[in-house]
file protein-v9.txt (compact mmCIF, C-alpha atoms)
# COMPACT_ATOMS: atom_id res chain seq x y z
CA MET A 284 0.00 0.00 0.00
CA ILE A 285 2.63 2.46 1.12
CA ARG A 286 4.89 1.35 -1.69
CA LYS A 287 2.13 1.90 -4.20
CA ILE A 288 1.46 5.44 -2.98
CA TYR A 289 5.18 5.99 -2.87
CA PHE A 290 5.76 5.21 -6.52
CA GLN A 291 2.54 6.75 -7.72
CA SER A 292 3.41 10.02 -6.06
CA ILE A 293 6.83 9.98 -7.68
CA PHE A 294 5.14 9.33 -11.00
CA PHE A 295 2.70 12.17 -10.49
CA SER A 296 5.42 14.45 -9.33
CA PHE A 297 7.12 13.94 -12.67
CA LEU A 298 3.90 14.97 -14.39
CA PHE A 299 3.43 17.95 -12.13
CA PHE A 300 6.80 19.42 -12.70
CA LYS A 301 7.23 18.48 -16.29
CA GLU A 302 7.83 22.04 -17.32
CA VAL A 303 10.40 22.63 -14.66
CA PHE A 304 12.21 19.48 -15.71
CA ALA A 305 12.21 20.62 -19.26
CA ALA A 306 14.10 23.67 -18.17
CA GLU A 307 16.73 21.57 -16.40
CA SER A 308 19.42 19.93 -18.43
CA GLY A 309 19.09 16.15 -18.39
CA GLY A 310 16.31 15.95 -15.75
CA MET A 311 18.01 14.07 -12.90
CA PRO A 312 21.01 15.92 -11.51
CA GLN A 313 22.51 12.50 -10.67
CA LEU A 314 23.05 11.80 -14.34
CA ASN A 315 24.85 15.04 -14.98
CA PRO A 316 28.52 14.06 -15.23
CA GLU A 317 29.83 17.53 -14.46
CA PHE A 318 30.84 16.73 -10.85
CA TRP A 319 31.34 12.97 -11.11
CA ILE A 320 35.10 13.16 -10.95
CA SER A 321 34.90 15.55 -8.02
CA GLN A 322 32.52 13.24 -6.16
CA ILE A 323 34.70 10.19 -6.82
CA PHE A 324 37.78 12.08 -5.66
CA TRP A 325 36.17 13.30 -2.45
CA LEU A 326 34.56 9.94 -1.80
CA ILE A 327 37.93 8.18 -2.03
CA LEU A 328 39.54 10.84 0.13
CA THR A 329 36.92 10.86 2.90
CA PHE A 330 36.18 7.16 2.90
CA GLY A 331 39.89 6.36 2.81
CA THR A 332 40.52 8.66 5.75
CA LEU A 333 37.58 7.17 7.61
CA TYR A 334 38.77 3.62 6.96
CA LEU A 335 42.34 4.32 7.98
CA ALA A 336 41.35 6.22 11.12
CA LEU A 337 38.81 3.63 12.20
CA SER A 338 40.97 0.60 11.49
CA LYS A 339 44.19 1.99 12.96
CA LEU A 340 42.99 4.13 15.85
CA VAL A 341 39.42 3.61 16.93
CA LEU A 342 38.40 0.01 16.35
CA PRO A 343 41.43 -1.60 18.09
CA LYS A 344 40.69 0.53 21.14
CA ILE A 345 37.03 -0.51 21.21
CA SER A 346 38.03 -4.14 20.77
CA ASP A 347 40.57 -3.81 23.60
CA ASN A 348 37.95 -2.21 25.81
CA LEU A 349 35.52 -5.02 25.14
CA GLU A 350 38.18 -7.67 25.76
CA SER A 351 39.39 -6.10 28.98
CA ARG A 352 35.86 -5.74 30.27
CA LYS A 353 35.12 -9.36 29.44
CA SER A 354 38.26 -10.60 31.15
CA LYS A 355 37.67 -8.37 34.17
CA ILE A 356 34.12 -9.62 34.56
CA LEU A 357 35.32 -13.21 34.23
CA GLU A 358 38.02 -12.57 36.82
CA ASN A 359 35.51 -11.06 39.20
CA ILE A 360 33.15 -13.96 38.72
CA GLU A 361 36.00 -16.36 39.41
CA ALA A 362 37.00 -14.45 42.53
CA ALA A 363 33.40 -14.41 43.71
CA ASP A 364 33.12 -18.14 43.13
CA LYS A 365 36.30 -18.76 45.05
CA GLN A 366 35.13 -16.63 47.94
CA ARG A 367 31.82 -18.40 47.96
CA GLU A 368 33.60 -21.74 48.15
CA ASP A 369 35.78 -20.47 50.97
CA CYS A 370 32.69 -19.29 52.75
CA GLU A 371 31.07 -22.67 52.35
CA VAL A 372 34.13 -24.46 53.72
CA LYS A 373 34.25 -22.12 56.67
CA TYR A 374 30.56 -22.45 57.28
CA ARG A 375 30.86 -26.23 57.20
CA ALA A 376 33.74 -26.07 59.69
CA TYR A 377 31.67 -23.81 61.90
CA GLU A 378 28.69 -26.15 61.76
CA GLU A 379 30.91 -29.12 62.55
CA PHE A 380 32.38 -27.24 65.49
CA VAL A 381 28.92 -26.36 66.78
CA SER A 382 27.64 -29.92 66.49
CA LYS A 383 30.79 -31.28 68.12
CA SER A 384 30.49 -28.92 71.05
CA LYS A 385 26.82 -29.78 71.37
CA LEU A 386 27.77 -33.45 71.65
CA LYS A 387 30.46 -32.60 74.16
CA ALA A 388 28.04 -30.59 76.24
CA LYS A 389 25.56 -33.45 76.19
CA ALA A 390 28.25 -35.89 77.26
CA ILE A 391 29.36 -33.65 80.11
CA PHE A 392 25.76 -33.19 81.21
CA ASN A 393 25.13 -36.94 81.14
CA GLN A 394 28.33 -37.66 83.03
CA SER A 395 27.57 -35.20 85.76
CA ARG A 396 24.02 -36.45 86.05
CA GLU A 397 25.21 -40.02 86.40
CA LYS A 398 27.76 -38.98 88.95
CA ALA A 399 25.16 -37.11 90.95
CA ILE A 400 22.79 -40.07 90.83
CA LYS A 401 25.61 -42.38 91.91
CA ASP A 402 26.52 -40.11 94.81
CA ILE A 403 22.94 -39.89 95.93
CA ASN A 404 22.54 -43.65 95.73
CA ASN A 405 25.75 -44.23 97.67
CA LYS A 406 24.72 -41.87 100.39
CA ARG A 407 21.28 -43.40 100.55
CA ASP A 408 22.77 -46.85 100.79
CA ILE A 409 25.07 -45.82 103.60
CA LEU A 410 22.26 -44.15 105.43
CA ASP A 411 20.00 -47.14 104.89
CA LYS A 412 22.70 -49.40 106.25
CA GLN A 413 23.21 -47.23 109.31
CA ILE A 414 19.50 -47.07 109.94
CA ASP A 415 19.21 -50.82 109.55
CA GLU A 416 22.09 -51.37 111.90
CA GLU A 417 20.59 -49.16 114.53
CA ILE A 418 17.20 -50.74 114.12
CA SER A 419 18.67 -54.22 114.47
CA LYS A 420 20.67 -53.12 117.54
CA VAL A 421 17.57 -51.73 119.16
CA GLU A 422 15.62 -54.83 118.27
CA GLU A 423 18.36 -56.92 119.81
CA GLU A 424 18.16 -54.91 122.97
CA ILE A 425 14.39 -55.22 122.97
CA LYS A 426 14.74 -58.97 122.49
CA ILE A 427 17.16 -59.25 125.40
CA LEU A 428 14.91 -57.13 127.53
CA ARG A 429 11.96 -59.27 126.63
CA LYS A 430 13.83 -62.45 127.29
CA ASN A 431 14.96 -61.26 130.67
CA ALA A 432 11.64 -59.72 131.67
CA PRO A 433 9.74 -62.98 132.70
CA ASP A 434 12.68 -64.16 134.85
CA LYS A 435 12.92 -60.87 136.63
CA ILE A 436 9.16 -60.64 137.01
CA SER A 437 8.93 -64.19 138.33
CA LYS A 438 11.83 -63.45 140.71
CA ILE A 439 10.08 -60.29 141.86
CA ALA A 440 6.80 -62.26 142.15
CA VAL A 441 8.53 -65.02 144.19
CA GLU A 442 10.24 -62.57 146.55
CA THR A 443 7.15 -60.42 146.87
CA SER A 444 4.93 -63.48 147.58
CA SER A 445 7.40 -64.87 150.13
CA GLU A 446 7.55 -61.48 151.84
CA LEU A 447 3.77 -61.25 151.79
CA ILE A 448 3.32 -64.73 153.19
CA HIS A 449 5.94 -64.03 155.86
CA LYS A 450 4.27 -60.83 156.97
CA PHE A 451 0.67 -62.04 156.87
CA LEU A 452 1.09 -65.61 157.98
CA GLY A 453 4.37 -65.27 159.80
CA ALA A 454 5.49 -68.56 158.35
CA GLU A 455 8.64 -69.31 156.55
CA VAL A 456 7.95 -70.63 153.08
CA ASN A 457 10.40 -72.28 150.85
CA ASN A 458 11.35 -70.06 147.99
CA SER A 459 11.58 -72.93 145.61
CA SER A 460 7.95 -74.04 146.13
CA ILE A 461 6.78 -70.45 145.50
CA SER A 462 8.84 -70.16 142.37
CA ALA A 463 7.32 -73.46 141.17
CA ILE A 464 3.86 -72.00 141.66
CA VAL A 465 4.83 -68.77 139.94
CA ASP A 466 6.31 -70.67 137.07
CA ASP A 467 3.21 -72.69 136.80
CA LEU A 468 1.04 -69.56 136.85
CA SER A 469 3.18 -67.67 134.41
CA LYS A 470 3.09 -70.61 132.09
CA LYS A 471 -0.64 -70.69 132.42
CA ASN A 472 -1.20 -66.97 132.00
CA GLY A 473 1.94 -66.14 130.03
CA ASN A 474 -0.09 -65.36 127.01
CA LYS A 475 -2.17 -62.94 128.96
CA TYR A 476 0.82 -61.08 130.39
CA TYR A 477 3.50 -61.09 127.76
CA GLY A 478 1.64 -61.55 124.56
CA TYR A 479 3.33 -64.80 123.64
CA MET B 133 13.28 26.37 -8.39
CA ALA B 134 12.60 25.44 -4.79
CA ALA B 135 9.41 23.64 -5.81
CA ASN B 136 11.30 21.24 -8.02
CA PRO B 137 11.65 18.00 -6.04
CA MET B 138 14.82 17.15 -7.92
CA SER B 139 16.62 20.39 -7.17
CA GLN B 140 17.65 19.00 -3.78
CA PHE B 141 20.00 16.64 -5.63
CA ASN B 142 21.86 19.42 -7.41
CA VAL B 143 25.56 19.44 -6.84
CA TYR B 144 27.13 22.87 -6.78
CA ARG B 145 30.58 24.16 -6.24
CA ILE B 146 31.52 25.66 -2.89
CA GLY B 147 34.46 28.00 -3.23
CA PRO B 148 36.77 28.17 -6.21
CA GLU B 149 37.19 25.64 -8.98
CA ILE B 150 40.00 23.20 -8.28
CA LYS B 151 41.62 21.40 -11.20
CA LEU B 152 43.85 18.36 -10.97
CA GLY B 153 45.33 18.01 -14.41
CA GLU B 154 42.28 18.08 -16.58
CA PHE B 155 39.93 16.76 -13.90
CA ASP B 156 37.61 19.03 -11.99
CA ILE B 157 37.85 18.11 -8.30
CA SER B 158 36.19 21.21 -6.92
CA PHE B 159 34.86 21.22 -3.37
CA THR B 160 31.10 20.78 -3.64
CA ASN B 161 28.17 20.34 -1.27
CA ALA B 162 28.58 16.57 -1.78
CA SER B 163 32.17 16.80 -0.58
CA LEU B 164 31.02 18.89 2.37
CA PHE B 165 28.57 16.24 3.53
CA MET B 166 31.06 13.43 3.01
CA ILE B 167 33.46 15.33 5.25
CA ILE B 168 30.73 16.06 7.81
CA SER B 169 29.74 12.38 7.94
CA THR B 170 33.34 11.23 8.28
CA PHE B 171 34.02 13.81 10.95
CA ALA B 172 30.87 12.87 12.88
CA ILE B 173 31.70 9.17 12.79
CA LEU B 174 35.27 9.76 13.92
CA LEU B 175 34.16 12.15 16.65
CA ILE B 176 31.53 9.83 18.09
CA PHE B 177 33.67 6.72 17.99
CA ASN B 178 36.73 8.53 19.24
CA ILE B 179 34.81 9.78 22.28
CA GLY B 180 33.32 6.31 22.62
CA SER B 181 36.68 4.58 22.75
CA LYS B 182 38.65 7.06 24.83
CA LYS B 183 37.85 5.92 28.32
CA ASN B 184 37.56 2.33 29.36
CA THR B 185 35.18 1.93 32.23
CA ILE B 186 33.46 -1.22 33.41
CA LEU B 187 30.12 0.54 33.21
CA PRO B 188 30.23 2.25 29.81
CA ASN B 189 29.01 5.81 29.37
CA LYS B 190 26.61 6.71 26.55
CA PHE B 191 29.18 7.25 23.80
CA GLN B 192 31.13 4.19 24.83
CA LEU B 193 27.96 2.14 24.80
CA LEU B 194 27.14 3.48 21.33
CA GLY B 195 30.57 2.55 20.03
CA GLU B 196 30.58 -0.87 21.63
CA LEU B 197 27.05 -1.72 20.54
CA SER B 198 27.87 -0.73 16.95
CA TYR B 199 31.06 -2.76 17.13
CA THR B 200 29.32 -5.90 18.39
CA PHE B 201 26.42 -5.37 15.97
CA VAL B 202 28.69 -5.26 12.92
CA ALA B 203 30.93 -8.02 14.27
CA LYS B 204 27.93 -10.29 14.78
CA MET B 205 26.59 -9.47 11.32
CA ILE B 206 29.92 -10.36 9.69
CA ASN B 207 30.33 -13.50 11.76
CA ASP B 208 26.82 -14.70 10.96
CA THR B 209 27.02 -14.15 7.21
CA ALA B 210 30.67 -14.59 6.27
CA GLY B 211 32.08 -16.66 9.14
CA SER B 212 35.27 -16.17 11.12
CA LYS B 213 37.45 -15.95 7.99
CA ALA B 214 36.06 -12.49 7.30
CA LYS B 215 37.63 -11.01 10.42
CA PRO B 216 40.41 -9.10 8.54
CA TYR B 217 37.73 -7.23 6.58
CA PHE B 218 35.87 -6.13 9.70
CA SER B 219 37.28 -2.60 9.65
CA PHE B 220 36.30 -2.10 6.04
CA ILE B 221 32.74 -3.31 6.49
CA PHE B 222 32.37 -1.33 9.69
CA SER B 223 33.57 1.84 7.92
CA LEU B 224 31.30 1.12 4.98
CA PHE B 225 28.25 0.58 7.15
CA MET B 226 28.91 3.67 9.23
CA PHE B 227 29.68 5.84 6.21
CA VAL B 228 26.52 4.88 4.36
CA LEU B 229 24.44 5.11 7.53
CA PHE B 230 25.70 8.57 8.45
CA CYS B 231 25.37 9.88 4.88
CA ASN B 232 21.79 8.59 4.78
CA MET B 233 20.96 10.01 8.19
CA PHE B 234 22.51 13.42 7.52
CA GLY B 235 20.36 13.51 4.40
CA MET B 236 17.27 13.32 6.60
CA ILE B 237 17.96 16.75 8.09
CA PRO B 238 16.10 19.44 6.12
CA TYR B 239 18.19 21.51 3.67
CA THR B 240 21.03 19.00 3.72
CA PHE B 241 22.44 17.04 0.84
CA THR B 242 22.25 13.25 0.65
CA VAL B 243 25.56 11.92 -0.58
CA THR B 244 24.20 8.42 -1.19
CA SER B 245 21.41 9.67 -3.43
CA HIS B 246 23.96 10.00 -6.23
CA ILE B 247 24.48 6.96 -8.40
CA ILE B 248 28.11 7.76 -8.96
CA VAL B 249 28.92 7.59 -5.26
CA THR B 250 27.11 4.33 -4.64
CA PHE B 251 28.45 2.89 -7.86
CA VAL B 252 32.04 3.64 -6.93
CA LEU B 253 31.53 1.97 -3.55
CA ALA B 254 29.82 -1.04 -5.14
CA ALA B 255 32.41 -1.34 -7.88
CA PHE B 256 35.20 -1.20 -5.33
CA ILE B 257 33.50 -3.96 -3.33
CA PHE B 258 32.92 -6.01 -6.47
CA ILE B 259 36.51 -5.74 -7.66
CA GLY B 260 37.85 -6.31 -4.17
CA VAL B 261 35.71 -9.41 -3.61
CA THR B 262 36.67 -10.82 -7.01
CA VAL B 263 40.36 -10.25 -6.34
CA ILE B 264 40.07 -11.86 -2.90
CA GLY B 265 38.27 -14.84 -4.45
CA PHE B 266 40.96 -15.38 -7.06
CA ILE B 267 43.75 -14.97 -4.50
CA LYS B 268 42.16 -17.47 -2.09
CA HIS B 269 41.04 -20.09 -4.59
CA GLY B 270 42.97 -19.34 -7.80
CA LEU B 271 41.09 -20.41 -10.90
CA GLY B 272 38.96 -22.60 -8.63
CA TYR B 273 37.00 -19.47 -7.90
CA LEU B 274 35.34 -19.95 -11.28
CA LYS B 275 33.56 -22.93 -9.73
CA LEU B 276 31.27 -20.29 -8.25
CA PHE B 277 29.55 -20.15 -11.63
CA VAL B 278 29.01 -23.91 -11.79
CA PRO B 279 26.51 -24.96 -9.15
CA SER B 280 26.71 -28.58 -8.09
CA GLY B 281 23.84 -30.97 -8.65
CA VAL B 282 22.61 -29.40 -11.89
CA PRO B 283 21.79 -31.64 -14.88
CA ALA B 284 24.39 -31.43 -17.66
CA VAL B 285 21.80 -30.26 -20.14
CA LEU B 286 20.95 -27.20 -18.12
CA LEU B 287 24.53 -26.43 -17.18
CA PRO B 288 25.44 -23.97 -19.99
CA LEU B 289 22.31 -21.95 -19.32
CA ILE B 290 22.88 -21.94 -15.58
CA VAL B 291 26.49 -20.87 -16.01
CA ILE B 292 25.47 -17.97 -18.20
CA ILE B 293 22.79 -16.91 -15.69
CA GLU B 294 25.27 -17.16 -12.83
CA ILE B 295 27.82 -15.06 -14.68
CA ILE B 296 25.23 -12.41 -15.51
CA SER B 297 23.98 -12.33 -11.92
CA TYR B 298 27.56 -12.06 -10.66
CA LEU B 299 28.38 -9.22 -13.03
CA SER B 300 25.18 -7.36 -12.18
CA ARG B 301 26.07 -7.34 -8.48
CA PRO B 302 27.70 -3.88 -8.47
CA ILE B 303 24.81 -2.44 -10.42
CA SER B 304 22.12 -3.92 -8.20
CA LEU B 305 24.04 -2.98 -5.08
CA SER B 306 24.55 0.63 -6.15
CA VAL B 307 21.14 1.18 -7.73
CA ARG B 308 19.34 -0.23 -4.69
CA LEU B 309 20.87 2.33 -2.36
CA PHE B 310 20.75 5.22 -4.80
CA ALA B 311 17.14 4.60 -5.88
CA ASN B 312 15.87 4.17 -2.34
CA MET B 313 17.47 7.39 -1.22
CA MET B 314 16.40 9.37 -4.25
CA ALA B 315 12.82 8.08 -4.25
CA GLY B 316 12.31 8.76 -0.56
CA HIS B 317 13.69 12.27 -0.70
CA THR B 318 11.80 13.10 -3.88
CA MET B 319 8.54 11.92 -2.39
CA MET B 320 9.04 13.92 0.77
CA LYS B 321 9.70 16.98 -1.31
CA VAL B 322 6.60 16.29 -3.43
CA PHE B 323 4.39 15.99 -0.36
CA GLY B 324 5.97 19.15 1.00
CA GLY B 325 5.03 20.88 -2.23
CA PHE B 326 1.46 19.60 -1.92
CA VAL B 327 1.21 21.08 1.55
CA ILE B 328 2.00 24.52 0.14
CA SER B 329 -0.18 24.24 -2.96
CA LEU B 330 -3.26 22.88 -1.11
CA GLY B 331 -2.91 25.51 1.58
CA ILE B 332 -4.51 25.59 5.02
CA VAL B 333 -7.67 23.80 3.85
CA GLY B 334 -6.33 20.61 2.31
CA GLY B 335 -2.72 20.73 3.29
CA TRP B 336 -3.14 18.64 6.40
CA LEU B 337 -3.34 15.34 4.59
CA PRO B 338 -0.03 15.64 2.75
CA LEU B 339 1.48 17.12 5.89
CA SER B 340 0.53 14.08 7.93
CA PHE B 341 1.85 11.91 5.12
CA SER B 342 5.05 13.86 5.22
CA VAL B 343 5.42 13.22 8.94
CA ALA B 344 4.79 9.49 8.48
CA LEU B 345 7.20 9.42 5.55
CA THR B 346 9.93 10.99 7.65
CA GLY B 347 9.68 8.04 10.03
CA LEU B 348 9.67 5.61 7.14
CA GLU B 349 12.64 7.32 5.53
CA ILE B 350 14.67 7.13 8.73
CA LEU B 351 13.91 3.41 8.79
CA VAL B 352 14.89 3.13 5.13
CA ALA B 353 18.08 5.09 5.77
CA PHE B 354 19.13 2.57 8.41
CA LEU B 355 17.85 -0.43 6.49
CA GLN B 356 19.65 0.46 3.28
CA ALA B 357 22.93 0.94 5.10
CA TYR B 358 22.39 -2.43 6.74
CA VAL B 359 21.47 -4.08 3.43
CA PHE B 360 24.50 -2.55 1.76
CA ALA B 361 26.78 -3.90 4.47
CA ILE B 362 25.18 -7.32 4.69
CA LEU B 363 25.27 -7.82 0.91
CA THR B 364 28.95 -6.95 1.03
CA CYS B 365 29.33 -9.65 3.70
CA ILE B 366 27.47 -12.16 1.52
CA TYR B 367 29.67 -11.42 -1.48
CA LEU B 368 32.70 -11.72 0.76
CA ASN B 369 31.37 -15.03 2.02
CA ASP B 370 31.22 -16.32 -1.58
CA ALA B 371 34.82 -15.31 -2.07
CA LEU B 372 36.13 -16.70 1.23
CA ASN B 373 34.12 -19.88 1.67
CA LEU B 374 33.65 -21.30 -1.78
CA HIS B 375 30.96 -23.94 -1.66
CA HIS B 376 28.38 -24.14 -4.32

call {"tool": "encode", "arguments": {"input": "protein-v9.txt", "output": "structure tokens"}}
result
Amino acid sequence: MIRKIYFQSIFFSFLFFKEVFAAESGGMPQLNPEFWISQIFWLILTFGTLYLALSKLVLPKISDNLESRKSKILENIEAADKQREDCEVKYRAYEEFVSKSKLKAKAIFNQSREKAIKDINNKRDILDKQIDEEISKVEEEIKILRKNAPDKISKIAVETSSELIHKFLGAEVNNSSISAIVDDLSKKNGNKYYGY
Amino acid sequence: MAANPMSQFNVYRIGPEIKLGEFDISFTNASLFMIISTFAILLIFNIGSKKNTILPNKFQLLGELSYTFVAKMINDTAGSKAKPYFSFIFSLFMFVLFCNMFGMIPYTFTVTSHIIVTFVLAAFIFIGVTVIGFIKHGLGYLKLFVPSGVPAVLLPLIVIIEIISYLSRPISLSVRLFANMMAGHTMMKVFGGFVISLGIVGGWLPLSFSVALTGLEILVAFLQAYVFAILTCIYLNDALNLHH
């Protein structure tokens, strides 16, 4: 569409300005060879200068700049990678250290707890033993006392009865016959008096 | 005079007439704009390559982007063997681009709208490519005209067509650039003339066309420089990597 308008307008323009063209020599100034040599000369001069200046001065510098930037960026990336690796190694070492010390702390805690428990147990054992000993000693004493109690009581009973008989009846009684009676009685009523 | 859309292509002498032997090499408006383009290119790229910072400034970015753009173009079309010709193609691309772009400024002269200029460039490229081809491959370069896998009956015809197409390369290359530039500038001038002749009532339509055309012409100016450079790369590719 645009192309069509483009060329049509050029065509019409030629119609429009036909008279003006007629006045010009040759129509298109491009086909007038008057300045061709001049244009060729200046083209060679300027383009040659441009080519020489660009190829010798400017383009090598741009290429160097690009290369140096590339290498610098690569270097920086390498350095960053290396530092990252270092960081990782250090972090791993740190983590290892932390976990090791955690284990150590746990071990110390366990040890001290065991020790404390052991100490407590030992002390309790000793105390238990002492208490047992004392209890058994006291029981022994109680046993002895109990064992001796009937004899003493019967002795007291015999003496008291003989005294009583002597005072009330005024008669001398044989101690042995009284003790036989007491024995007999105590045997009969032992359960009532001593609980066994 | 000013209404003539072709008058913008007139070449006129600036200053005195200079003669070299019997040739007239006077300084003209064409010469002026060639010098302006060259100077602008050198200025921009010189500023762009002066400092080397990791974060490039605007001119440096411009220079480096152009460099990588042209380098990629050459590498894609002609391969790594074309590296020695990088400077030439870069200069060619920049020269054509700047001449085209300076032509877009009102009241300037478009160097590339003259067939003689584009033809000299194209002829130089043609001769240079042919010489490179013969140096690299000797007479084997003539194999370019004999495509492989063609029936023997058709071969003479194909060879003739290939030779004609090879010989017409400088003409097509130069006429493409010249015609595009001339047509675009002529049309813009024509629409400009319509704006004046139709006046305030009807002038808006051609004016809006003119605005749109300016955008199109800037695109064409870049595109034609690119096409010129990439066709040079393709011709160079034929000469460097002969496989047909």

call {"tool": "residues_around", "arguments": {"input": "protein-v9.txt", "residues": "segment 322-332 of chain B", "least_positions_apart": "3", "cutoff": "7 Å", "atoms": "all atoms listed in the file", "output": "number ranges by chain"}}
result
A: 296; B: 135, 137, 318-319, 335-336, 338-339, 342

call {"tool": "closest_residue", "arguments": {"input": "protein-v9.txt", "among": "A:Asn315, A:Ser459, A:Ser321, A:Asn431", "to": "chain B", "atoms": "all atoms listed in the file"}}
result
A:Ser321

call {"tool": "atom_distance", "arguments": {"input": "protein-v9.txt", "atom1": "atom CA of Ile267 of chain B", "atom2": "atom CA of Ala357 of chain B"}}
result
27.9 Å

call {"tool": "atom_distance", "arguments": {"input": "protein-v9.txt", "atom1": "atom CA of Pro188 of chain B", "atom2": "atom CA of Asp208 of chain B"}}
result
25.6 Å

call {"tool": "residues_around", "arguments": {"input": "protein-v9.txt", "residues": "segment 300-304 of chain B", "least_positions_apart": "6", "cutoff": "10 Å", "atoms": "all atoms listed in the file", "output": "list of chain:residue names"}}
result
B:Ile247, B:Thr250, B:Phe251, B:Val252, B:Leu253, B:Ala254, B:Ala255, B:Phe256, B:Ile257, B:Phe258, B:Ile259, B:Glu294, B:Phe310, B:Leu363, B:Thr364, B:Tyr367

call {"tool": "residues_around", "arguments": {"input": "protein-v9.txt", "residues": "segment 339-353 of chain A", "least_positions_apart": "4", "cutoff": "7 Å", "atoms": "only C-alpha atoms", "output": "ChimeraX atom specification"}}
result
/A:335,357 /B:177-178,181,184,186,196

call {"tool": "closest_residue", "arguments": {"input": "protein-v9.txt", "among": "A:Ser462, A:Asn359, A:Asn404, A:Asn472", "to": "chain B", "atoms": "all atoms listed in the file"}}
result
A:Asn359

call {"tool": "residues_around", "arguments": {"input": "protein-v9.txt", "residues": "Pro238 of chain B", "least_positions_apart": "5", "cutoff": "12 Å", "atoms": "all atoms listed in the file", "output": "ChimeraX atom specification"}}
result
/B:140,233,317,320-321,324,346

call {"tool": "residues_near_point", "arguments": {"input": "protein-v9.txt", "point": "(33.7, -17.1, 7.1)", "cutoff": "10 Å", "atoms": "only C-alpha atoms", "output": "list in words"}}
result
Ile206, Asn207, Asp208, Thr209, Ala210, Gly211, Ser212, Lys213, Ala214, Lys215, Cys365, Ile366, Leu368, Asn369, Asp370, Ala371, Leu372, Asn373 and Leu374 of chain B
